[in-house]
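Structure file target00.cif (mmCIF, C-alpha atoms) follows.
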data_structure
#
loop_
_atom_site.group_PDB
_atom_site.id
_atom_site.type_symbol
_atom_site.label_atom_id
_atom_site.label_comp_id
_atom_site.auth_asym_id
_atom_site.auth_seq_id
_atom_site.Cartn_x
_atom_site.Cartn_y
_atom_site.Cartn_z
ATOM 1 C CA MET A 7 3.825 0.256 -20.856
ATOM 2 C CA ASN A 8 3.958 -3.290 -22.209
ATOM 3 C CA ALA A 9 2.582 -6.387 -20.525
ATOM 4 C CA ALA A 10 6.002 -7.449 -19.275
ATOM 5 C CA ASP A 11 6.383 -4.161 -17.362
ATOM 6 C CA ALA A 12 2.948 -4.329 -15.731
ATOM 7 C CA PRO A 13 3.988 -6.527 -12.772
ATOM 8 C CA LYS A 14 6.837 -4.105 -12.000
ATOM 9 C CA ALA A 15 4.483 -1.138 -12.104
ATOM 10 C CA ALA A 16 2.051 -2.968 -9.885
ATOM 11 C CA ALA A 17 4.770 -3.915 -7.411
ATOM 12 C CA ALA A 18 6.006 -0.354 -7.385
ATOM 13 C CA ARG A 19 2.522 0.625 -6.279
ATOM 14 C CA LEU A 20 0.938 -1.868 -3.937
ATOM 15 C CA SER A 21 -0.026 -5.470 -2.951
ATOM 16 C CA ARG A 22 -2.537 -7.411 -0.841
ATOM 17 C CA CYS A 23 -3.376 -9.290 2.375
ATOM 18 C CA ALA A 24 -6.313 -11.498 3.178
ATOM 19 C CA GLY A 25 -9.092 -9.347 4.631
ATOM 20 C CA ALA A 26 -10.960 -8.547 7.808
ATOM 21 C CA ALA A 27 -10.786 -12.076 9.240
ATOM 22 C CA THR A 28 -7.029 -12.223 8.760
ATOM 23 C CA LEU A 29 -6.606 -8.774 10.259
ATOM 24 C CA ALA A 30 -8.520 -9.841 13.337
ATOM 25 C CA ALA A 31 -6.340 -12.913 13.731
ATOM 26 C CA LEU A 32 -3.164 -10.886 13.365
ATOM 27 C CA ALA A 33 -4.394 -8.406 15.946
ATOM 28 C CA LEU A 34 -4.433 -11.111 18.609
ATOM 29 C CA SER A 35 -0.726 -11.855 18.208
ATOM 30 C CA ALA A 36 0.698 -8.369 17.597
ATOM 31 C CA PRO A 37 2.381 -6.422 20.425
ATOM 32 C CA ALA A 38 0.354 -3.520 21.786
ATOM 33 C CA ASN A 39 2.471 -0.763 20.209
ATOM 34 C CA ALA A 40 2.669 -2.522 16.842
ATOM 35 C CA GLN A 41 -1.053 -3.156 16.931
ATOM 36 C CA GLY A 42 -1.684 0.529 17.503
ATOM 37 C CA ALA A 43 0.269 1.301 14.339
ATOM 38 C CA VAL A 44 -1.663 -1.367 12.420
ATOM 39 C CA ASP A 45 -4.983 0.044 13.586
ATOM 40 C CA ALA A 46 -3.967 3.610 12.678
ATOM 41 C CA LEU A 47 -2.902 2.726 9.137
ATOM 42 C CA PHE A 48 -5.999 0.580 8.639
ATOM 43 C CA ASP A 49 -8.185 3.510 9.693
ATOM 44 C CA LEU A 50 -6.477 5.814 7.191
ATOM 45 C CA LEU A 51 -7.326 3.548 4.236
ATOM 46 C CA CYS A 52 -10.453 1.630 5.164
ATOM 47 C CA GLY A 53 -13.471 2.465 3.021
ATOM 48 C CA ARG A 54 -11.723 5.158 0.997
ATOM 49 C CA THR A 55 -10.964 5.889 -2.642
ATOM 50 C CA VAL A 56 -7.385 7.068 -3.129
ATOM 51 C CA HIS A 57 -5.708 8.674 -6.159
ATOM 52 C CA PHE A 58 -2.069 7.662 -6.705
ATOM 53 C CA TYR A 59 0.482 9.029 -9.137
ATOM 54 C CA ASP A 60 4.168 8.157 -9.517
ATOM 55 C CA ALA A 61 6.566 6.972 -12.215
ATOM 56 C CA SER A 62 4.246 4.056 -12.996
ATOM 57 C CA GLY A 63 1.364 6.412 -13.832
ATOM 58 C CA ASN A 64 -2.188 7.202 -12.706
ATOM 59 C CA GLN A 65 -3.915 4.694 -10.440
ATOM 60 C CA ILE A 66 -7.055 4.951 -8.327
ATOM 61 C CA GLU A 67 -8.079 2.407 -5.721
ATOM 62 C CA TYR A 68 -11.022 1.769 -3.424
ATOM 63 C CA THR A 69 -10.125 -0.277 -0.346
ATOM 64 C CA ALA A 70 -13.302 -1.767 1.090
ATOM 65 C CA GLY A 71 -13.859 -2.615 4.723
ATOM 66 C CA ASP A 72 -14.183 -6.339 3.953
ATOM 67 C CA GLY A 73 -10.571 -6.527 2.746
ATOM 68 C CA THR A 74 -11.310 -6.296 -0.978
ATOM 69 C CA ALA A 75 -9.337 -3.849 -3.121
ATOM 70 C CA TYR A 76 -10.703 -2.406 -6.366
ATOM 71 C CA LEU A 77 -7.998 -0.916 -8.594
ATOM 72 C CA TRP A 78 -8.635 1.412 -11.541
ATOM 73 C CA PHE A 79 -5.324 0.925 -13.324
ATOM 74 C CA HIS A 80 -4.232 2.889 -16.347
ATOM 75 C CA GLY A 81 -4.672 1.207 -19.711
ATOM 76 C CA ILE A 82 -6.823 -1.660 -18.396
ATOM 77 C CA GLU A 83 -10.516 -1.825 -19.295
ATOM 78 C CA ASP A 84 -11.708 -3.729 -16.206
ATOM 79 C CA VAL A 85 -11.333 -3.007 -12.513
ATOM 80 C CA ILE A 86 -8.617 -5.229 -11.032
ATOM 81 C CA VAL A 87 -9.935 -6.919 -7.898
ATOM 82 C CA GLY A 88 -7.547 -8.019 -5.177
ATOM 83 C CA THR A 89 -7.251 -8.004 -1.411
ATOM 84 C CA TRP A 90 -5.680 -5.589 1.022
ATOM 85 C CA GLY A 91 -4.806 -5.506 4.697
ATOM 86 C CA VAL A 92 -2.420 -4.034 7.248
ATOM 87 C CA TYR A 93 0.318 -5.947 9.079
ATOM 88 C CA SER A 94 2.965 -5.093 11.646
ATOM 89 C CA ASP A 95 6.559 -4.961 10.441
ATOM 90 C CA ALA A 96 7.272 -8.210 12.266
ATOM 91 C CA GLU A 97 4.400 -9.995 10.537
ATOM 92 C CA VAL A 98 5.562 -8.773 7.138
ATOM 93 C CA ALA A 99 9.098 -9.956 7.868
ATOM 94 C CA GLU A 100 7.750 -13.394 8.758
ATOM 95 C CA ARG A 101 6.251 -13.622 5.287
ATOM 96 C CA GLY A 102 9.698 -13.064 3.817
ATOM 97 C CA ASN A 103 8.764 -9.888 1.922
ATOM 98 C CA ASP A 104 9.840 -6.662 3.569
ATOM 99 C CA GLY A 105 9.538 -4.695 0.335
ATOM 100 C CA SER A 106 13.306 -4.330 -0.024
ATOM 101 C CA GLY A 107 13.223 -5.753 -3.541
ATOM 102 C CA ASP A 108 10.458 -3.482 -4.781
ATOM 103 C CA GLU A 109 11.199 -0.527 -7.026
ATOM 104 C CA GLY A 110 11.213 2.950 -5.527
ATOM 105 C CA ARG A 111 8.196 5.202 -5.732
ATOM 106 C CA ASP A 112 8.458 8.699 -7.159
ATOM 107 C CA GLY A 113 6.659 11.989 -6.674
ATOM 108 C CA GLY A 114 3.633 12.730 -4.543
ATOM 109 C CA LEU A 115 3.656 14.097 -1.018
ATOM 110 C CA ASP A 116 5.178 13.111 2.248
ATOM 111 C CA SER A 117 2.574 11.327 4.340
ATOM 112 C CA GLY A 118 2.904 13.980 7.027
ATOM 113 C CA ASP A 119 1.286 16.439 4.661
ATOM 114 C CA LEU A 120 -1.838 14.296 4.581
ATOM 115 C CA PHE A 121 -2.302 12.607 7.936
ATOM 116 C CA ASN A 122 -1.101 13.502 11.382
ATOM 117 C CA THR A 123 -1.320 9.936 12.649
ATOM 118 C CA PRO A 124 1.749 7.932 13.706
ATOM 119 C CA THR A 125 1.864 4.592 11.889
ATOM 120 C CA SER A 126 5.523 3.605 12.130
ATOM 121 C CA GLY A 127 5.765 -0.156 12.553
ATOM 122 C CA ALA A 128 2.904 -1.039 10.167
ATOM 123 C CA GLN A 129 2.688 -1.780 6.459
ATOM 124 C CA VAL A 130 -0.207 -1.999 4.034
ATOM 125 C CA CYS A 131 -0.085 -5.094 1.844
ATOM 126 C CA TYR A 132 -1.895 -5.930 -1.388
ATOM 127 C CA GLU A 133 -2.278 -9.063 -3.454
ATOM 128 C CA TYR A 134 -3.657 -9.610 -6.954
ATOM 129 C CA ALA A 135 -4.148 -12.842 -8.873
ATOM 130 C CA PRO A 136 -1.654 -13.888 -11.567
ATOM 131 C CA GLY A 137 -2.491 -12.278 -14.897
ATOM 132 C CA ALA A 138 -4.312 -9.317 -13.363
ATOM 133 C CA PHE A 139 -2.032 -6.833 -15.139
ATOM 134 C CA GLY A 140 -1.382 -8.884 -18.258
ATOM 135 C CA PRO A 141 -0.356 -12.370 -19.418
ATOM 136 C CA PHE A 142 3.184 -12.060 -18.021
ATOM 137 C CA ASP A 143 2.097 -10.862 -14.576
ATOM 138 C CA PRO A 144 2.905 -13.556 -11.962
ATOM 139 C CA GLY A 145 0.793 -11.944 -9.259
ATOM 140 C CA GLY A 146 2.158 -11.720 -5.758
ATOM 141 C CA PHE A 147 2.140 -10.143 -2.336
ATOM 142 C CA HIS A 148 3.797 -6.770 -1.784
ATOM 143 C CA CYS A 149 3.904 -4.474 1.214
ATOM 144 C CA PHE A 150 4.612 -0.782 1.678
ATOM 145 C CA THR A 151 5.222 1.361 4.731
ATOM 146 C CA GLU A 152 2.928 4.262 5.440
ATOM 147 C CA ARG A 153 5.569 6.706 4.232
ATOM 148 C CA ASP A 154 6.307 4.843 0.998
ATOM 149 C CA LEU A 155 2.614 4.460 0.219
ATOM 150 C CA PHE A 156 1.547 8.029 0.866
ATOM 151 C CA GLU A 157 4.489 9.546 -0.996
ATOM 152 C CA THR A 158 2.489 8.619 -4.108
ATOM 153 C CA VAL A 159 -0.900 9.889 -2.904
ATOM 154 C CA VAL A 160 -2.203 12.900 -4.817
ATOM 155 C CA GLU A 161 -2.801 15.953 -2.634
ATOM 156 C CA GLY A 162 -6.522 16.132 -1.880
ATOM 157 C CA GLY A 163 -7.018 12.760 -3.569
ATOM 158 C CA VAL A 164 -8.519 10.798 -0.668
ATOM 159 C CA PHE A 165 -12.322 10.421 -0.651
ATOM 160 C CA PRO A 166 -14.743 8.511 1.591
ATOM 161 C CA GLY A 167 -16.531 5.557 0.041
ATOM 162 C CA ASP A 168 -16.424 4.130 -3.479
ATOM 163 C CA ARG A 169 -16.497 7.476 -5.302
ATOM 164 C CA TYR A 170 -16.268 6.008 -8.822
ATOM 165 C CA GLY A 171 -18.332 2.852 -8.356
ATOM 166 C CA LEU A 172 -15.346 0.547 -8.819
ATOM 167 C CA ARG A 173 -17.121 -2.318 -7.064
ATOM 168 C CA ASP A 174 -19.261 -2.663 -10.188
ATOM 169 C CA GLY A 175 -16.206 -4.053 -11.958
ATOM 170 C CA GLU A 176 -16.014 -1.542 -14.791
ATOM 171 C CA PRO A 177 -14.109 1.749 -14.513
ATOM 172 C CA PRO A 178 -15.845 4.904 -15.781
ATOM 173 C CA TYR A 179 -13.364 5.176 -18.666
ATOM 174 C CA LEU A 180 -9.862 4.112 -19.701
ATOM 175 C CA LEU A 181 -7.420 5.849 -17.391
ATOM 176 C CA PRO A 182 -4.277 7.183 -19.134
ATOM 177 C CA GLU A 183 -0.858 6.213 -17.811
ATOM 178 C CA HIS A 184 0.567 9.726 -18.208
ATOM 179 C CA PRO A 185 0.347 12.655 -17.828
ATOM 180 C CA PHE A 186 -1.071 13.201 -14.367
ATOM 181 C CA VAL A 187 -4.873 13.462 -14.349
ATOM 182 C CA ALA A 188 -5.794 16.437 -12.166
ATOM 183 C CA LEU A 189 -8.531 15.968 -9.585
ATOM 184 C CA GLU A 190 -10.490 18.866 -11.084
ATOM 185 C CA SER A 191 -11.042 16.848 -14.244
ATOM 186 C CA PHE A 192 -13.137 14.353 -12.268
ATOM 187 C CA ASP A 193 -15.430 16.924 -10.673
ATOM 188 C CA ALA A 194 -17.742 17.405 -13.662
ATOM 189 C CA ASP A 195 -18.447 13.672 -14.002
ATOM 190 C CA PHE A 196 -18.432 12.918 -10.270
ATOM 191 C CA PRO A 197 -19.661 16.063 -8.509
ATOM 192 C CA GLN A 198 -21.112 14.320 -5.480
ATOM 193 C CA LEU A 199 -19.353 12.149 -2.949
ATOM 194 C CA PRO A 200 -21.081 8.843 -2.162
ATOM 195 C CA PRO A 201 -23.436 8.812 0.828
ATOM 196 C CA GLU A 202 -21.552 5.960 2.472
ATOM 197 C CA PRO A 203 -18.972 6.990 5.070
ATOM 198 C CA ALA A 204 -15.469 5.580 5.252
ATOM 199 C CA CYS A 205 -15.021 2.835 7.827
ATOM 200 C CA GLY A 206 -11.836 4.483 9.065
ATOM 201 C CA VAL A 207 -11.364 7.651 11.089
ATOM 202 C CA PRO A 208 -12.697 10.932 9.679
ATOM 203 C CA ILE A 209 -10.220 13.070 7.708
ATOM 204 C CA SER A 210 -10.665 16.829 7.550
#
Have the structure of the file written as C-alpha cells, please.
Amino acid sequence: MNAADAPKAAAARLSRCAGAATLAALALSAPANAQGAVDALFDLLCGRTVHFYDASGNQIEYTAGDGTAYLWFHGIEDVIVGTWGVYSDAEVAERGNDGSGDEGRDGGLDSGDLFNTPTSGAQVCYEYAPGAFGPFDPGGFHCFTERDLFETVVEGGVFPGDRYGLRDGEPPYLLPEHPFVALESFDADFPQLPPEPACGVPIS
C-alpha cells in the first residue's frame, strides 16, 4: 500500500473522538436509550487490545480508558497515537459524518458472534493527526457502528489491557499488511496477558 492509499485504509478501519471528558459531557445530553447504547459499546472496547483484519490488512489497537488510542498499523514502524470515544447516532449526525462516505469493511465476524450486548444507536469514533499514516494523509474523524466495527474483529482477538505494550510508542515488530497474522503466532512472544484488567465489562 502506498502513502496515498493509507488514509483510505485508515478510514476503512476507524477514527477518533476526544476522550473521557468529552464522553462525560455527551452523556449528559444523550437520551436514556441512546446513552445505554453508548455505555454498552464503550464497555466492550474500553481498556482492551483488539485484532482487526479486513481488506486493508492487519491492524491491532489498544483503546485506553483515558480516551487515547494506540494503533499498531501494518508497515509503520511507530505506534500511531490518536483518540477514541463513543457517541450516539444523533451526536455523530450533528458532526456531519455518519460514515456513509467511508469504504466498506470486509471479512471478519458478525458482532453477534463476539458480544451479546445490544449497542444499536451508538458508534465508535476515532481521530488521528494529519500525516499519521503518511505524508498524504489529511487526518480526520471517522465513525463506525458496532456491527461495522466488529465485522473486522478477529475471532478470539480481544484481550484485556495493553497486551503488546503499545503505550510505549514502539510496536514489537513491523506488522505485515497481508496475509492474515494468526493469533497463535503471537502466543510464543506474548504468552501472558497483562495484569491490568479492562475498564469495560468482563468478556468470557
- [ ] Would you write out, as a ChimeraX atom specification, every residue that the PyMOL selection byres ((chain A and resi 164-175) around 10) captures in this file?
- [x] /A:50-58,66-71,74-78,83-87,120,159-163,176-178,192,195-206,208-209
Computed gap from CA of Gly88 in chain A to CA of Thr151 in chain A is 18.7 Å
- Apply the PyMOL selection byres ((chain A and resi 80) around 8) to the file shown and report the selected residues as a list in words.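 Here the PyMOL selection byres ((chain A and resi 80) around 8) matches Gly63, Asn64, Gln65, Trp78, Phe79, Gly81, Ile82, Leu180, Leu181, Pro182 and Glu183 of chain A.
Atom pair CA of Phe147 in chain A / CA of Tyr132 in chain A: separated by 5.9 Å.
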### Message
What does the structure give for the distance between CA of Gly42 in chain A and CA of Cys131 in chain A, in Å to one decimal?
### Response
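Between CA of Gly42 in chain A and CA of Cys131 in chain A the gap works out to 16.7 Å.
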Exercise for the section: Determine the residue set returned by the PyMOL selection byres ((chain A and resi 95) around 6) for the present structure, and present it as a list in words. Expected result: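 Listing what the PyMOL selection byres ((chain A and resi 95) around 6) selects in the shown file: Ser94, Ala96, Glu97, Val98, Gly127 and Ala128 of chain A.
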Across A:Asn39, A:Asp45, A:Ala188, A:Asp143, the smallest distance to Gln129 in chain A, with all atoms listed in the file counted, is shown by A:Asp45
Will you model all heavy atoms for range 176-187 of chain A and pass it back as a PDB file, in the coordinates of the input?
ATOM      1  N   GLU A 176     -16.360  -2.237 -13.553  1.00  0.00           N
ATOM      2  CA  GLU A 176     -16.014  -1.542 -14.791  1.00  0.00           C
ATOM      3  C   GLU A 176     -15.678  -0.088 -14.470  1.00  0.00           C
ATOM      4  O   GLU A 176     -16.513   0.640 -13.933  1.00  0.00           O
ATOM      5  CB  GLU A 176     -17.165  -1.594 -15.789  1.00  0.00           C
ATOM      6  CG  GLU A 176     -16.853  -0.952 -17.134  1.00  0.00           C
ATOM      7  CD  GLU A 176     -17.988  -1.113 -18.131  1.00  0.00           C
ATOM      8  OE1 GLU A 176     -18.888  -1.942 -17.869  1.00  0.00           O
ATOM      9  OE2 GLU A 176     -17.976  -0.413 -19.151  1.00  0.00           O
ATOM     10  N   PRO A 177     -14.457   0.352 -14.790  1.00  0.00           N
ATOM     11  CA  PRO A 177     -14.109   1.749 -14.513  1.00  0.00           C
ATOM     12  C   PRO A 177     -14.905   2.695 -15.398  1.00  0.00           C
ATOM     13  O   PRO A 177     -15.380   2.306 -16.472  1.00  0.00           O
ATOM     14  CB  PRO A 177     -12.614   1.808 -14.831  1.00  0.00           C
ATOM     15  CG  PRO A 177     -12.386   0.697 -15.796  1.00  0.00           C
ATOM     16  CD  PRO A 177     -13.365  -0.379 -15.438  1.00  0.00           C
ATOM     17  N   PRO A 178     -15.069   3.946 -14.990  1.00  0.00           N
ATOM     18  CA  PRO A 178     -15.845   4.904 -15.781  1.00  0.00           C
ATOM     19  C   PRO A 178     -15.299   5.105 -17.190  1.00  0.00           C
ATOM     20  O   PRO A 178     -16.057   5.327 -18.130  1.00  0.00           O
ATOM     21  CB  PRO A 178     -15.753   6.193 -14.961  1.00  0.00           C
ATOM     22  CG  PRO A 178     -15.505   5.726 -13.559  1.00  0.00           C
ATOM     23  CD  PRO A 178     -14.655   4.501 -13.693  1.00  0.00           C
ATOM     24  N   TYR A 179     -13.992   5.049 -17.353  1.00  0.00           N
ATOM     25  CA  TYR A 179     -13.364   5.176 -18.666  1.00  0.00           C
ATOM     26  C   TYR A 179     -11.932   4.665 -18.555  1.00  0.00           C
ATOM     27  O   TYR A 179     -11.450   4.330 -17.465  1.00  0.00           O
ATOM     28  CB  TYR A 179     -13.396   6.616 -19.176  1.00  0.00           C
ATOM     29  CG  TYR A 179     -12.854   7.649 -18.213  1.00  0.00           C
ATOM     30  CD1 TYR A 179     -11.483   7.897 -18.085  1.00  0.00           C
ATOM     31  CD2 TYR A 179     -13.726   8.398 -17.419  1.00  0.00           C
ATOM     32  CE1 TYR A 179     -10.998   8.824 -17.192  1.00  0.00           C
ATOM     33  CE2 TYR A 179     -13.238   9.346 -16.524  1.00  0.00           C
ATOM     34  CZ  TYR A 179     -11.876   9.559 -16.420  1.00  0.00           C
ATOM     35  OH  TYR A 179     -11.395  10.493 -15.545  1.00  0.00           O
ATOM     36  N   LEU A 180     -11.233   4.594 -19.679  1.00  0.00           N
ATOM     37  CA  LEU A 180      -9.862   4.112 -19.701  1.00  0.00           C
ATOM     38  C   LEU A 180      -8.943   5.191 -19.139  1.00  0.00           C
ATOM     39  O   LEU A 180      -8.846   6.292 -19.687  1.00  0.00           O
ATOM     40  CB  LEU A 180      -9.453   3.746 -21.129  1.00  0.00           C
ATOM     41  CG  LEU A 180      -8.235   2.830 -21.279  1.00  0.00           C
ATOM     42  CD1 LEU A 180      -8.522   1.464 -20.673  1.00  0.00           C
ATOM     43  CD2 LEU A 180      -7.874   2.678 -22.757  1.00  0.00           C
ATOM     44  N   LEU A 181      -8.290   4.882 -18.062  1.00  0.00           N
ATOM     45  CA  LEU A 181      -7.420   5.849 -17.391  1.00  0.00           C
ATOM     46  C   LEU A 181      -6.065   5.903 -18.111  1.00  0.00           C
ATOM     47  O   LEU A 181      -5.456   4.861 -18.368  1.00  0.00           O
ATOM     48  CB  LEU A 181      -7.214   5.422 -15.930  1.00  0.00           C
ATOM     49  CG  LEU A 181      -6.583   6.423 -14.966  1.00  0.00           C
ATOM     50  CD1 LEU A 181      -7.509   7.623 -14.763  1.00  0.00           C
ATOM     51  CD2 LEU A 181      -6.303   5.742 -13.630  1.00  0.00           C
ATOM     52  N   PRO A 182      -5.584   7.100 -18.469  1.00  0.00           N
ATOM     53  CA  PRO A 182      -4.277   7.183 -19.134  1.00  0.00           C
ATOM     54  C   PRO A 182      -3.141   6.935 -18.146  1.00  0.00           C
ATOM     55  O   PRO A 182      -3.268   7.217 -16.949  1.00  0.00           O
ATOM     56  CB  PRO A 182      -4.247   8.616 -19.660  1.00  0.00           C
ATOM     57  CG  PRO A 182      -5.115   9.375 -18.714  1.00  0.00           C
ATOM     58  CD  PRO A 182      -6.219   8.420 -18.314  1.00  0.00           C
ATOM     59  N   GLU A 183      -2.032   6.416 -18.663  1.00  0.00           N
ATOM     60  CA  GLU A 183      -0.858   6.213 -17.811  1.00  0.00           C
ATOM     61  C   GLU A 183      -0.252   7.556 -17.405  1.00  0.00           C
ATOM     62  O   GLU A 183      -0.026   7.836 -16.234  1.00  0.00           O
ATOM     63  CB  GLU A 183       0.167   5.356 -18.553  1.00  0.00           C
ATOM     64  CG  GLU A 183       1.428   5.085 -17.742  1.00  0.00           C
ATOM     65  CD  GLU A 183       2.406   4.193 -18.478  1.00  0.00           C
ATOM     66  OE1 GLU A 183       2.094   3.763 -19.605  1.00  0.00           O
ATOM     67  OE2 GLU A 183       3.494   3.923 -17.923  1.00  0.00           O
ATOM     68  N   HIS A 184       0.039   8.382 -18.398  1.00  0.00           N
ATOM     69  CA  HIS A 184       0.567   9.726 -18.208  1.00  0.00           C
ATOM     70  C   HIS A 184      -0.114  10.632 -19.238  1.00  0.00           C
ATOM     71  O   HIS A 184      -0.624  10.143 -20.255  1.00  0.00           O
ATOM     72  CB  HIS A 184       2.091   9.751 -18.423  1.00  0.00           C
ATOM     73  CG  HIS A 184       2.863   8.900 -17.469  1.00  0.00           C
ATOM     74  ND1 HIS A 184       3.046   9.205 -16.128  1.00  0.00           N
ATOM     75  CD2 HIS A 184       3.525   7.727 -17.674  1.00  0.00           C
ATOM     76  CE1 HIS A 184       3.775   8.267 -15.553  1.00  0.00           C
ATOM     77  NE2 HIS A 184       4.081   7.361 -16.465  1.00  0.00           N
ATOM     78  N   PRO A 185      -0.150  11.933 -18.991  1.00  0.00           N
ATOM     79  CA  PRO A 185       0.347  12.655 -17.828  1.00  0.00           C
ATOM     80  C   PRO A 185      -0.597  12.521 -16.634  1.00  0.00           C
ATOM     81  O   PRO A 185      -1.634  11.855 -16.715  1.00  0.00           O
ATOM     82  CB  PRO A 185       0.403  14.098 -18.333  1.00  0.00           C
ATOM     83  CG  PRO A 185      -0.749  14.172 -19.298  1.00  0.00           C
ATOM     84  CD  PRO A 185      -0.749  12.837 -19.990  1.00  0.00           C
ATOM     85  N   PHE A 186      -0.251  13.188 -15.568  1.00  0.00           N
ATOM     86  CA  PHE A 186      -1.071  13.201 -14.367  1.00  0.00           C
ATOM     87  C   PHE A 186      -2.477  13.729 -14.668  1.00  0.00           C
ATOM     88  O   PHE A 186      -2.630  14.749 -15.342  1.00  0.00           O
ATOM     89  CB  PHE A 186      -0.386  14.081 -13.320  1.00  0.00           C
ATOM     90  CG  PHE A 186      -1.251  14.404 -12.130  1.00  0.00           C
ATOM     91  CD1 PHE A 186      -1.691  13.414 -11.270  1.00  0.00           C
ATOM     92  CD2 PHE A 186      -1.632  15.712 -11.880  1.00  0.00           C
ATOM     93  CE1 PHE A 186      -2.484  13.719 -10.178  1.00  0.00           C
ATOM     94  CE2 PHE A 186      -2.417  16.019 -10.789  1.00  0.00           C
ATOM     95  CZ  PHE A 186      -2.846  15.014  -9.936  1.00  0.00           C
ATOM     96  N   VAL A 187      -3.483  13.027 -14.186  1.00  0.00           N
ATOM     97  CA  VAL A 187      -4.873  13.462 -14.349  1.00  0.00           C
ATOM     98  C   VAL A 187      -5.275  14.270 -13.119  1.00  0.00           C
ATOM     99  O   VAL A 187      -5.373  13.728 -12.018  1.00  0.00           O
ATOM    100  CB  VAL A 187      -5.823  12.260 -14.538  1.00  0.00           C
ATOM    101  CG1 VAL A 187      -7.263  12.751 -14.691  1.00  0.00           C
ATOM    102  CG2 VAL A 187      -5.407  11.436 -15.746  1.00  0.00           C
TER     103      VAL A 187
END
